[in-house]
>>> print(open('start09.cif').read())   # mmCIF, C-alpha atoms
data_structure
#
loop_
_atom_site.group_PDB
_atom_site.id
_atom_site.type_symbol
_atom_site.label_atom_id
_atom_site.label_comp_id
_atom_site.auth_asym_id
_atom_site.auth_seq_id
_atom_site.Cartn_x
_atom_site.Cartn_y
_atom_site.Cartn_z
ATOM 1 C CA MET A 1277 -1.913 15.287 -16.223
ATOM 2 C CA GLU A 1278 -1.314 19.000 -16.264
ATOM 3 C CA LYS A 1279 1.560 20.237 -14.152
ATOM 4 C CA LEU A 1280 -0.665 21.974 -11.584
ATOM 5 C CA LEU A 1281 -2.892 18.930 -11.209
ATOM 6 C CA ALA A 1282 0.146 16.679 -10.837
ATOM 7 C CA ARG A 1283 1.335 18.902 -7.980
ATOM 8 C CA TYR A 1284 -2.016 18.597 -6.241
ATOM 9 C CA ALA A 1285 -2.143 14.827 -6.801
ATOM 10 C CA ASP A 1286 1.334 14.442 -5.305
ATOM 11 C CA ALA A 1287 0.414 16.541 -2.264
ATOM 12 C CA ALA A 1288 -2.818 14.616 -1.661
ATOM 13 C CA PHE A 1289 -1.049 11.264 -1.983
ATOM 14 C CA TRP A 1290 1.622 12.203 0.560
ATOM 15 C CA MET A 1291 -0.768 13.876 2.965
ATOM 16 C CA GLY A 1292 -2.600 10.546 3.143
ATOM 17 C CA ARG A 1293 0.633 8.617 3.668
ATOM 18 C CA TYR A 1294 2.012 10.932 6.343
ATOM 19 C CA MET A 1295 -1.167 10.950 8.419
ATOM 20 C CA GLU A 1296 -1.418 7.163 8.273
ATOM 21 C CA ARG A 1297 2.265 6.927 9.200
ATOM 22 C CA ALA A 1298 1.861 9.200 12.235
ATOM 23 C CA GLU A 1299 -1.050 7.166 13.581
ATOM 24 C CA ASN A 1300 0.706 3.843 13.016
ATOM 25 C CA LEU A 1301 3.877 5.008 14.731
ATOM 26 C CA ALA A 1302 1.973 6.353 17.740
ATOM 27 C CA ARG A 1303 0.202 3.021 18.080
ATOM 28 C CA ILE A 1304 3.486 1.087 17.843
ATOM 29 C CA LEU A 1305 5.242 3.273 20.434
ATOM 30 C CA ASP A 1306 2.299 3.042 22.810
ATOM 31 C CA VAL A 1307 2.037 -0.739 22.580
ATOM 32 C CA ASN A 1308 5.797 -1.206 22.743
ATOM 33 C CA GLU A 1309 6.002 0.677 26.043
ATOM 34 C CA THR A 1310 3.529 -1.806 27.516
ATOM 35 C CA PHE A 1311 5.272 -4.903 26.176
ATOM 36 C CA ALA A 1312 8.896 -3.784 26.704
ATOM 37 C CA ARG A 1313 8.925 -4.266 30.475
ATOM 38 C CA ASP A 1314 11.000 -7.453 30.464
ATOM 39 C CA ASP A 1315 14.676 -8.344 30.271
ATOM 40 C CA ARG A 1316 14.591 -7.720 26.505
ATOM 41 C CA GLY A 1317 13.378 -4.141 26.838
ATOM 42 C CA GLU A 1318 16.184 -2.551 24.835
ATOM 43 C CA ALA A 1319 15.886 -5.206 22.116
ATOM 44 C CA ASN A 1320 12.191 -4.369 21.860
ATOM 45 C CA TRP A 1321 12.913 -0.662 21.416
ATOM 46 C CA LEU A 1322 15.580 -1.481 18.845
ATOM 47 C CA SER A 1323 12.950 -3.411 16.899
ATOM 48 C CA ILE A 1324 11.150 -0.124 16.182
ATOM 49 C CA VAL A 1325 14.327 1.320 14.701
ATOM 50 C CA ARG A 1326 14.689 -1.766 12.524
ATOM 51 C CA LEU A 1327 11.018 -1.747 11.557
ATOM 52 C CA ASN A 1328 11.574 1.677 9.995
ATOM 53 C CA ALA A 1329 15.012 0.737 8.539
ATOM 54 C CA ASP A 1330 16.529 3.608 10.518
ATOM 55 C CA GLU A 1331 19.567 1.898 12.069
ATOM 56 C CA GLU A 1332 22.184 4.038 10.328
ATOM 57 C CA ARG A 1333 20.415 7.315 10.998
ATOM 58 C CA PHE A 1334 19.570 6.436 14.597
ATOM 59 C CA PHE A 1335 23.041 5.242 15.643
ATOM 60 C CA ALA A 1336 24.653 8.280 14.053
ATOM 61 C CA ARG A 1337 22.965 10.243 16.863
ATOM 62 C CA HIS A 1338 22.562 7.744 19.700
ATOM 63 C CA THR A 1339 24.787 5.055 21.186
ATOM 64 C CA ALA A 1340 21.983 2.812 22.464
ATOM 65 C CA ALA A 1341 18.354 2.033 21.619
ATOM 66 C CA SER A 1342 17.045 2.965 25.056
ATOM 67 C CA ALA A 1343 13.418 3.895 25.567
ATOM 68 C CA GLU A 1344 14.363 7.568 26.028
ATOM 69 C CA ASN A 1345 16.477 7.729 22.859
ATOM 70 C CA VAL A 1346 13.996 5.881 20.654
ATOM 71 C CA LEU A 1347 11.051 7.939 21.877
ATOM 72 C CA ARG A 1348 12.847 11.249 21.275
ATOM 73 C CA PHE A 1349 13.939 10.040 17.843
ATOM 74 C CA TYR A 1350 10.451 8.975 16.776
ATOM 75 C CA VAL A 1351 8.340 11.665 18.405
ATOM 76 C CA LEU A 1352 10.314 14.911 18.720
ATOM 77 C CA ASP A 1353 13.243 14.740 16.279
ATOM 78 C CA ASP A 1354 12.646 17.351 13.559
ATOM 79 C CA ASP A 1355 15.635 16.025 11.609
ATOM 80 C CA ASN A 1356 14.313 12.456 11.547
ATOM 81 C CA PRO A 1357 12.147 12.051 8.409
ATOM 82 C CA THR A 1358 10.245 9.175 10.043
ATOM 83 C CA SER A 1359 9.323 10.897 13.330
ATOM 84 C CA ILE A 1360 5.725 11.715 14.255
ATOM 85 C CA ARG A 1361 6.505 15.432 14.412
ATOM 86 C CA THR A 1362 8.003 15.318 10.908
ATOM 87 C CA ALA A 1363 5.073 13.291 9.554
ATOM 88 C CA VAL A 1364 2.559 15.805 10.910
ATOM 89 C CA ARG A 1365 4.619 18.739 9.643
ATOM 90 C CA MET A 1366 4.858 17.221 6.164
ATOM 91 C CA ALA A 1367 1.136 16.410 6.142
ATOM 92 C CA ARG A 1368 0.473 20.067 6.971
ATOM 93 C CA GLU A 1369 2.857 21.286 4.259
ATOM 94 C CA ASN A 1370 1.083 19.123 1.694
ATOM 95 C CA ALA A 1371 -2.251 20.417 2.995
ATOM 96 C CA ARG A 1372 -0.952 23.941 2.428
ATOM 97 C CA THR A 1373 -0.368 23.059 -1.219
ATOM 98 C CA LEU A 1374 -3.905 21.659 -1.333
ATOM 99 C CA ARG A 1375 -5.468 24.685 0.374
ATOM 100 C CA PRO A 1376 -7.645 25.563 -2.666
ATOM 101 C CA LEU A 1377 -9.022 22.001 -2.705
ATOM 102 C CA ILE A 1378 -9.548 21.020 0.943
ATOM 103 C CA SER A 1379 -12.098 22.157 3.479
ATOM 104 C CA THR A 1380 -11.490 24.787 6.124
ATOM 105 C CA GLU A 1381 -12.079 22.082 8.738
ATOM 106 C CA MET A 1382 -9.272 19.919 7.324
ATOM 107 C CA TRP A 1383 -6.836 22.801 7.273
ATOM 108 C CA SER A 1384 -7.751 24.089 10.765
ATOM 109 C CA HIS A 1385 -7.508 20.659 12.346
ATOM 110 C CA LEU A 1386 -4.091 19.948 10.813
ATOM 111 C CA ASN A 1387 -2.844 23.338 12.015
ATOM 112 C CA MET A 1388 -3.965 22.620 15.576
ATOM 113 C CA PHE A 1389 -2.474 19.121 15.456
ATOM 114 C CA HIS A 1390 0.829 20.502 14.179
ATOM 115 C CA ASN A 1391 0.927 23.116 16.935
ATOM 116 C CA ARG A 1392 0.323 20.458 19.591
ATOM 117 C CA MET A 1393 3.240 18.446 18.243
ATOM 118 C CA LEU A 1394 5.470 21.533 18.339
ATOM 119 C CA ALA A 1395 4.542 22.095 21.975
ATOM 120 C CA LEU A 1396 5.702 18.637 23.084
ATOM 121 C CA ARG A 1397 8.872 18.471 25.158
ATOM 122 C CA ALA A 1398 11.128 15.636 26.299
ATOM 123 C CA GLY A 1399 9.369 15.513 29.667
ATOM 124 C CA ASP A 1400 6.121 14.616 27.927
ATOM 125 C CA LEU A 1401 7.712 11.344 26.780
ATOM 126 C CA SER A 1402 8.366 9.947 30.246
ATOM 127 C CA LEU A 1403 6.905 6.461 30.401
ATOM 128 C CA HIS A 1404 4.018 7.441 32.682
ATOM 129 C CA ARG A 1405 3.002 10.220 30.228
ATOM 130 C CA LEU A 1406 3.683 8.434 26.958
ATOM 131 C CA ASN A 1407 0.282 6.727 26.807
ATOM 132 C CA ARG A 1408 -1.457 10.093 26.895
ATOM 133 C CA VAL A 1409 0.753 11.553 24.158
ATOM 134 C CA CYS A 1410 0.214 8.538 21.910
ATOM 135 C CA ALA A 1411 -3.536 8.629 22.565
ATOM 136 C CA GLU A 1412 -3.641 12.291 21.539
ATOM 137 C CA VAL A 1413 -1.771 11.540 18.309
ATOM 138 C CA LYS A 1414 -4.044 8.618 17.458
ATOM 139 C CA GLU A 1415 -7.184 10.590 18.244
ATOM 140 C CA SER A 1416 -5.991 13.547 16.172
ATOM 141 C CA CYS A 1417 -5.243 11.274 13.210
ATOM 142 C CA GLN A 1418 -8.617 9.582 13.549
ATOM 143 C CA ALA A 1419 -10.354 12.957 13.780
ATOM 144 C CA HIS A 1420 -8.525 13.967 10.596
ATOM 145 C CA THR A 1421 -9.776 10.809 8.883
ATOM 146 C CA GLY A 1422 -13.331 11.636 9.940
ATOM 147 C CA ILE A 1423 -13.041 15.213 8.688
ATOM 148 C CA VAL A 1424 -11.661 13.962 5.365
ATOM 149 C CA GLU A 1425 -14.524 11.489 5.066
ATOM 150 C CA GLY A 1426 -17.106 14.168 5.737
ATOM 151 C CA THR A 1427 -15.673 17.166 3.873
ATOM 152 C CA PHE A 1428 -13.128 16.211 1.180
ATOM 153 C CA TYR A 1429 -14.763 16.602 -2.236
ATOM 154 C CA ARG A 1430 -14.622 13.338 -4.208
ATOM 155 C CA ASP A 1431 -12.517 14.470 -7.132
ATOM 156 C CA GLN A 1432 -9.064 13.314 -8.248
ATOM 157 C CA GLY A 1433 -7.418 14.736 -5.137
ATOM 158 C CA TRP A 1434 -9.480 12.498 -2.881
ATOM 159 C CA TYR A 1435 -8.550 9.405 -4.911
ATOM 160 C CA PHE A 1436 -4.845 10.151 -4.615
ATOM 161 C CA TYR A 1437 -5.201 10.841 -0.899
ATOM 162 C CA GLU A 1438 -6.840 7.433 -0.415
ATOM 163 C CA LEU A 1439 -4.212 5.721 -2.577
ATOM 164 C CA GLY A 1440 -1.473 7.087 -0.348
ATOM 165 C CA ARG A 1441 -3.295 6.130 2.842
ATOM 166 C CA HIS A 1442 -3.915 2.519 1.840
ATOM 167 C CA LEU A 1443 -0.446 1.968 0.379
ATOM 168 C CA GLU A 1444 1.090 3.238 3.615
ATOM 169 C CA ARG A 1445 -1.190 0.956 5.614
ATOM 170 C CA ALA A 1446 -0.200 -2.119 3.582
ATOM 171 C CA ASP A 1447 3.481 -1.231 3.947
ATOM 172 C CA GLN A 1448 3.210 -0.748 7.719
ATOM 173 C CA THR A 1449 1.358 -4.034 8.227
ATOM 174 C CA THR A 1450 3.985 -6.049 6.360
ATOM 175 C CA ARG A 1451 6.767 -4.310 8.296
ATOM 176 C CA LEU A 1452 5.095 -5.095 11.612
ATOM 177 C CA LEU A 1453 4.850 -8.766 10.744
ATOM 178 C CA ASP A 1454 8.380 -8.932 9.418
ATOM 179 C CA VAL A 1455 10.011 -7.319 12.430
ATOM 180 C CA LYS A 1456 8.308 -9.824 14.751
ATOM 181 C CA TYR A 1457 9.097 -12.841 12.628
ATOM 182 C CA HIS A 1458 12.614 -11.912 11.580
ATOM 183 C CA ILE A 1459 14.005 -9.961 14.533
ATOM 184 C CA LEU A 1460 12.189 -10.216 17.840
ATOM 185 C CA LEU A 1461 12.094 -13.969 18.438
ATOM 186 C CA PRO A 1462 15.487 -14.900 19.921
ATOM 187 C CA SER A 1463 15.435 -18.658 19.263
ATOM 188 C CA ALA A 1464 13.273 -21.497 17.984
ATOM 189 C CA GLN A 1465 12.898 -22.708 21.575
ATOM 190 C CA ASP A 1466 10.810 -19.637 22.365
ATOM 191 C CA VAL A 1467 8.086 -20.467 19.830
ATOM 192 C CA GLY A 1468 4.823 -20.766 21.738
ATOM 193 C CA SER A 1469 6.388 -19.420 24.951
ATOM 194 C CA PRO A 1470 4.837 -16.577 26.984
ATOM 195 C CA LEU A 1471 7.455 -14.257 25.439
ATOM 196 C CA ASP A 1472 6.469 -15.330 21.933
ATOM 197 C CA LEU A 1473 2.749 -14.953 22.614
ATOM 198 C CA SER A 1474 3.180 -11.524 24.217
ATOM 199 C CA GLN A 1475 5.045 -10.307 21.150
ATOM 200 C CA TRP A 1476 2.346 -11.553 18.767
ATOM 201 C CA ASN A 1477 -0.181 -9.888 21.063
ATOM 202 C CA ALA A 1478 1.807 -6.654 20.682
ATOM 203 C CA VAL A 1479 1.816 -7.013 16.890
ATOM 204 C CA LEU A 1480 -1.973 -7.338 16.844
ATOM 205 C CA ARG A 1481 -2.449 -4.347 19.125
ATOM 206 C CA SER A 1482 0.021 -2.271 17.107
ATOM 207 C CA ALA A 1483 -2.155 -2.923 14.056
ATOM 208 C CA ALA A 1484 -5.351 -2.164 16.035
ATOM 209 C CA GLY A 1485 -6.362 -5.753 15.350
ATOM 210 C CA TYR A 1486 -6.502 -7.504 18.708
ATOM 211 C CA HIS A 1487 -10.266 -7.383 19.270
ATOM 212 C CA ALA A 1488 -11.062 -8.124 15.632
ATOM 213 C CA TYR A 1489 -8.667 -11.084 15.744
ATOM 214 C CA ARG A 1490 -10.396 -12.444 18.847
ATOM 215 C CA ARG A 1491 -13.712 -12.427 17.001
ATOM 216 C CA VAL A 1492 -12.194 -14.765 14.402
ATOM 217 C CA HIS A 1493 -9.969 -16.759 16.800
ATOM 218 C CA PRO A 1494 -11.630 -16.524 20.241
ATOM 219 C CA ARG A 1495 -9.678 -19.341 21.914
ATOM 220 C CA GLY A 1496 -6.073 -19.136 20.822
ATOM 221 C CA LEU A 1497 -3.195 -17.068 19.493
ATOM 222 C CA THR A 1498 -0.613 -18.602 17.159
ATOM 223 C CA ALA A 1499 1.964 -17.069 14.855
ATOM 224 C CA ALA A 1500 0.291 -18.520 11.756
ATOM 225 C CA ASP A 1501 -3.155 -17.291 12.773
ATOM 226 C CA VAL A 1502 -1.913 -13.761 13.519
ATOM 227 C CA ALA A 1503 0.069 -13.555 10.276
ATOM 228 C CA GLY A 1504 -2.830 -14.976 8.278
ATOM 229 C CA PHE A 1505 -5.248 -12.508 9.857
ATOM 230 C CA LEU A 1506 -3.083 -9.458 9.120
ATOM 231 C CA LEU A 1507 -2.257 -10.612 5.599
ATOM 232 C CA PHE A 1508 -5.391 -12.300 4.286
ATOM 233 C CA ASN A 1509 -8.481 -11.385 6.296
ATOM 234 C CA THR A 1510 -11.024 -9.713 4.017
ATOM 235 C CA ALA A 1511 -13.015 -8.026 6.806
ATOM 236 C CA PHE A 1512 -10.204 -6.408 8.809
ATOM 237 C CA PRO A 1513 -9.566 -2.900 7.410
ATOM 238 C CA ARG A 1514 -5.807 -2.946 8.076
ATOM 239 C CA SER A 1515 -5.055 -6.292 6.464
ATOM 240 C CA VAL A 1516 -2.816 -6.273 3.407
ATOM 241 C CA THR A 1517 -5.595 -7.860 1.349
ATOM 242 C CA VAL A 1518 -8.135 -5.151 2.180
ATOM 243 C CA SER A 1519 -5.592 -2.349 1.695
ATOM 244 C CA MET A 1520 -4.503 -3.590 -1.718
ATOM 245 C CA ARG A 1521 -8.091 -4.212 -2.815
ATOM 246 C CA GLN A 1522 -8.787 -0.599 -1.932
ATOM 247 C CA VAL A 1523 -5.776 0.511 -3.974
ATOM 248 C CA ASN A 1524 -6.963 -1.608 -6.892
ATOM 249 C CA GLY A 1525 -10.477 -0.171 -6.798
ATOM 250 C CA LEU A 1526 -9.252 3.404 -6.430
ATOM 251 C CA LEU A 1527 -6.828 3.078 -9.343
ATOM 252 C CA THR A 1528 -9.454 1.472 -11.574
ATOM 253 C CA GLU A 1529 -12.073 4.105 -10.843
ATOM 254 C CA LEU A 1530 -9.574 6.969 -11.057
ATOM 255 C CA LYS A 1531 -8.491 5.884 -14.524
ATOM 256 C CA SER A 1532 -11.969 5.101 -15.816
ATOM 257 C CA ARG A 1533 -13.717 8.148 -14.401
ATOM 258 C CA TYR A 1534 -11.042 10.676 -15.390
ATOM 259 C CA MET A 1535 -9.639 8.883 -18.442
ATOM 260 C CA LEU A 1536 -6.078 9.066 -17.122
ATOM 261 C CA ARG A 1537 -3.619 7.246 -19.348
ATOM 262 C CA GLY A 1538 -0.897 6.584 -16.792
ATOM 263 C CA GLY A 1539 -0.721 4.063 -14.019
ATOM 264 C CA ASN A 1540 -0.884 0.880 -16.094
ATOM 265 C CA ILE A 1541 2.267 -0.624 -14.580
ATOM 266 C CA ALA A 1542 1.085 0.236 -11.074
ATOM 267 C CA SER A 1543 -2.242 -1.479 -11.804
ATOM 268 C CA GLU A 1544 -0.439 -4.549 -13.105
ATOM 269 C CA ARG A 1545 1.656 -4.764 -9.941
ATOM 270 C CA VAL A 1546 -1.441 -4.471 -7.745
ATOM 271 C CA ASP A 1547 -3.192 -7.174 -9.783
ATOM 272 C CA GLU A 1548 -0.135 -9.377 -9.396
ATOM 273 C CA MET A 1549 -0.101 -8.860 -5.619
ATOM 274 C CA LEU A 1550 -3.799 -9.679 -5.289
ATOM 275 C CA ALA A 1551 -3.462 -12.771 -7.473
ATOM 276 C CA VAL A 1552 -0.569 -14.084 -5.381
ATOM 277 C CA ILE A 1553 -2.401 -13.325 -2.136
ATOM 278 C CA ALA A 1554 -5.544 -15.066 -3.376
ATOM 279 C CA SER A 1555 -3.622 -18.172 -4.414
ATOM 280 C CA HIS A 1556 -1.778 -18.678 -1.112
ATOM 281 C CA SER A 1557 -2.823 -19.827 2.324
ATOM 282 C CA ILE A 1558 -0.932 -18.815 5.419
ATOM 283 C CA GLU A 1559 0.266 -22.416 5.776
ATOM 284 C CA GLN A 1560 1.818 -22.268 2.302
ATOM 285 C CA VAL A 1561 3.421 -18.900 3.055
ATOM 286 C CA VAL A 1562 4.936 -20.074 6.343
ATOM 287 C CA ALA A 1563 6.202 -23.289 4.737
ATOM 288 C CA SER A 1564 7.936 -21.440 1.902
ATOM 289 C CA GLY A 1565 9.186 -18.553 4.075
ATOM 290 C CA LEU A 1566 7.150 -15.803 5.710
ATOM 291 C CA HIS A 1567 10.038 -13.339 5.666
ATOM 292 C CA GLU A 1568 10.580 -13.853 1.924
ATOM 293 C CA PHE A 1569 6.869 -13.395 1.254
ATOM 294 C CA LEU A 1570 6.716 -10.203 3.316
ATOM 295 C CA ASP A 1571 9.847 -8.879 1.627
ATOM 296 C CA TRP A 1572 8.235 -9.486 -1.771
ATOM 297 C CA LEU A 1573 5.058 -7.677 -0.692
ATOM 298 C CA GLN A 1574 7.080 -4.690 0.542
ATOM 299 C CA ARG A 1575 8.976 -4.478 -2.739
ATOM 300 C CA GLN A 1576 5.704 -4.630 -4.652
ATOM 301 C CA VAL A 1577 4.220 -1.808 -2.572
ATOM 302 C CA ASN A 1578 7.341 0.284 -3.207
ATOM 303 C CA THR A 1579 7.089 -0.437 -6.933
ATOM 304 C CA VAL A 1580 3.431 0.624 -7.004
ATOM 305 C CA SER A 1581 4.291 3.856 -5.181
ATOM 306 C CA ASP A 1582 7.177 4.558 -7.552
ATOM 307 C CA GLU A 1583 5.059 3.891 -10.623
ATOM 308 C CA LEU A 1584 2.345 6.230 -9.373
ATOM 309 C CA ALA A 1585 4.973 8.940 -8.867
ATOM 310 C CA ARG A 1586 6.412 8.317 -12.309
ATOM 311 C CA SER A 1587 3.019 8.264 -14.046
ATOM 312 C CA PHE A 1588 1.150 11.027 -12.249
ATOM 313 C CA PHE A 1589 3.544 13.207 -10.232
ATOM 314 C CA GLY A 1590 6.405 13.629 -12.697
ATOM 315 C CA TYR A 1591 9.230 12.042 -10.694
ATOM 316 C CA SER A 1592 10.542 8.684 -9.519
ATOM 317 C CA THR A 1593 10.913 7.691 -5.845
ATOM 318 C CA ALA A 1594 13.495 4.975 -6.675
#
>>> encode(input="start09.cif", output="structure tokens")
Amino acid sequence: MEKLLARYADAAFWMGRYMERAENLARILDVNETFARDDRGEANWLSIVRLNADEERFFARHTAASAENVLRFYVLDDDNPTSIRTAVRMARENARTLRPLISTEMWSHLNMFHNRMLALRAGDLSLHRLNRVCAEVKESCQAHTGIVEGTFYRDQGWYFYELGRHLERADQTTRLLDVKYHILLPSAQDVGSPLDLSQWNAVLRSAAGYHAYRRVHPRGLTAADVAGFLLFNTAFPRSVTVSMRQVNGLLTELKSRYMLRGGNIASERVDEMLAVIASHSIEQVVASGLHEFLDWLQRQVNTVSDELARSFFGYSTA
């Protein structure tokens, strides 16, 4: 790829990732506020820090994972690279790079969204206002997705945007599952308890999957069913299977339509992921270790992202 095109591809890829990240984080914060009203409230807020692997950065600035500290860190903190405000700012900066390629509607909407994030203050994050803030972030991200769908010309930039969006979605889904399985449950005695079920309920809602899950499993909620749904369901748009199938199709068409020579290792890693997913049931995964399986999926997603950067953007993320 020519240098200029590589710059555009990189910007499109990361604009897709950052917008998906902002929406996911808003959903997680919103759901967590609802399900953190028990005697494990602080542990639940700490789980968000761990989900994003931010323990070192967070505790360098805060002494406790209280609701107030976590919300400020993940919504308003300009110095936190994983905050919503940072994600929206970085999406806008990448859109600025893409200004010759994107529609006026895309650019105007991102500008307005960015300005709304800048206008937020600590008082807006009080627990009785948080739902409204999170709803505004989710709606703005969804409006962005609609504008992209309706106005983004289907050239190479669009393919890289979609690659970033679906890789971020797969990564976030595996992290959600892993933090519940590996961190939140305090002891084996709690399996199947109201606490356990409420946390799995929160995982589903954080992934916008509760109602879809109930269509498949109308009468019950178990850890295996929730994990299987979010990993393997072929009709739920946020499942790892659907996300990685999208990545596979986008990579294949990108390379065939534009005769790009790079990306072979990334394609091989995606094929490997899909083959492993297709050959496993959730019962097999749980029996052999759900955490280990999720950790492997996360490493594969990171490898795919790194190989795309190496092949098409001219740098390595490792």
>>> closest_atom_pairs(input="start09.cif", of="region 1397-1463 of chain A", to="region 1513-1522 of chain A", cutoff="7 Å", atoms="all atoms listed in the file", output="tab-separated table")
residue	atom	partner	partner_atom	distance
A:His1442	CA	A:Ser1519	CA	5.2
A:Leu1443	CA	A:Ser1519	CA	6.8
A:Arg1445	CA	A:Arg1514	CA	6.5
A:Ala1446	CA	A:Val1516	CA	4.9
A:Thr1449	CA	A:Val1516	CA	6.8
>>> residues_around(input="start09.cif", residues="Ser1581 (chain A)", least_positions_apart="4", cutoff="8 Å", atoms="all atoms listed in the file", output="PyMOL selection string")
chain A and resi 1443+1542+1577+1585+1593
>>> residues_around(input="start09.cif", residues="Val1546 (chain A)", least_positions_apart="6", cutoff="8 Å", atoms="all atoms listed in the file", output="list of chain:residue names")
A:Met1520, A:Val1523, A:Asn1524, A:Gln1576, A:Val1580
>>> write_last_selection(input="start09.cif", atoms="C-alpha atoms", output="mmCIF file, in the frame of the given file")
data_model
loop_
_atom_site.group_PDB
_atom_site.id
_atom_site.type_symbol
_atom_site.label_atom_id
_atom_site.label_comp_id
_atom_site.auth_asym_id
_atom_site.auth_seq_id
_atom_site.Cartn_x
_atom_site.Cartn_y
_atom_site.Cartn_z
ATOM 1 C CA MET A 1520 -4.503 -3.590 -1.718
ATOM 2 C CA VAL A 1523 -5.776 0.511 -3.974
ATOM 3 C CA ASN A 1524 -6.963 -1.608 -6.892
ATOM 4 C CA GLN A 1576 5.704 -4.630 -4.652
ATOM 5 C CA VAL A 1580 3.431 0.624 -7.004
#
>>> closest_residue(input="start09.cif", among="A:Met1535, A:Ala1282, A:Ala1511, A:Ile1558", to="Leu1374 (chain A)", atoms="only C-alpha atoms")
A:Ala1282
>>> atom_distance(input="start09.cif", atom1="CA of Val1502 (chain A)", atom2="CA of Tyr1350 (chain A)")
26.1 Å
>>> closest_residue(input="start09.cif", among="A:Glu1529, A:Asp1454, A:Glu1415, A:Glu1583", to="Arg1303 (chain A)", atoms="all atoms listed in the file")
A:Glu1415
>>> residues_near_point(input="start09.cif", point="(-7.5, -14.9, 14.9)", cutoff="12 Å", atoms="only C-alpha atoms", output="MDAnalysis selection string")
chainID A and resid 1476:1477 1480 1485:1509 1511:1512
>>> closest_residue(input="start09.cif", among="A:Leu1401, A:Asn1407, A:Ser1323, A:Ile1553", to="Thr1510 (chain A)", atoms="all atoms listed in the file")
A:Ile1553
>>> closest_residue(input="start09.cif", among="A:Leu1526, A:Leu1573, A:Met1393, A:Ala1411", to="Thr1450 (chain A)", atoms="all atoms listed in the file")
A:Leu1573
>>> atom_distance(input="start09.cif", atom1="CA of Leu1570 (chain A)", atom2="CA of Leu1453 (chain A)")
7.8 Å
>>> closest_residue(input="start09.cif", among="A:His1420, A:Arg1293, A:Arg1405, A:Arg1397", to="Ser1379 (chain A)", atoms="all atoms listed in the file")
A:His1420
>>> closest_atom_pairs(input="start09.cif", of="region 1442-1552 of chain A", to="region 1425-1437 of chain A", cutoff="8 Å", atoms="all atoms listed in the file", output="CSV")
residue,atom,partner,partner_atom,distance
A:Leu1526,CA,A:Tyr1435,CA,6.2
A:Leu1527,CA,A:Tyr1435,CA,7.9
A:Leu1530,CA,A:Tyr1435,CA,6.7
A:Tyr1534,CA,A:Gln1432,CA,7.9
>>> write_last_selection(input="start09.cif", atoms="C-alpha atoms", output="PDB file, keeping the file's coordinate frame")
ATOM      1  CA  LEU A1526      -9.252   3.404  -6.430  1.00  0.00           C
ATOM      2  CA  LEU A1527      -6.828   3.078  -9.343  1.00  0.00           C
ATOM      3  CA  LEU A1530      -9.574   6.969 -11.057  1.00  0.00           C
ATOM      4  CA  TYR A1534     -11.042  10.676 -15.390  1.00  0.00           C
TER       5      TYR A1534
END
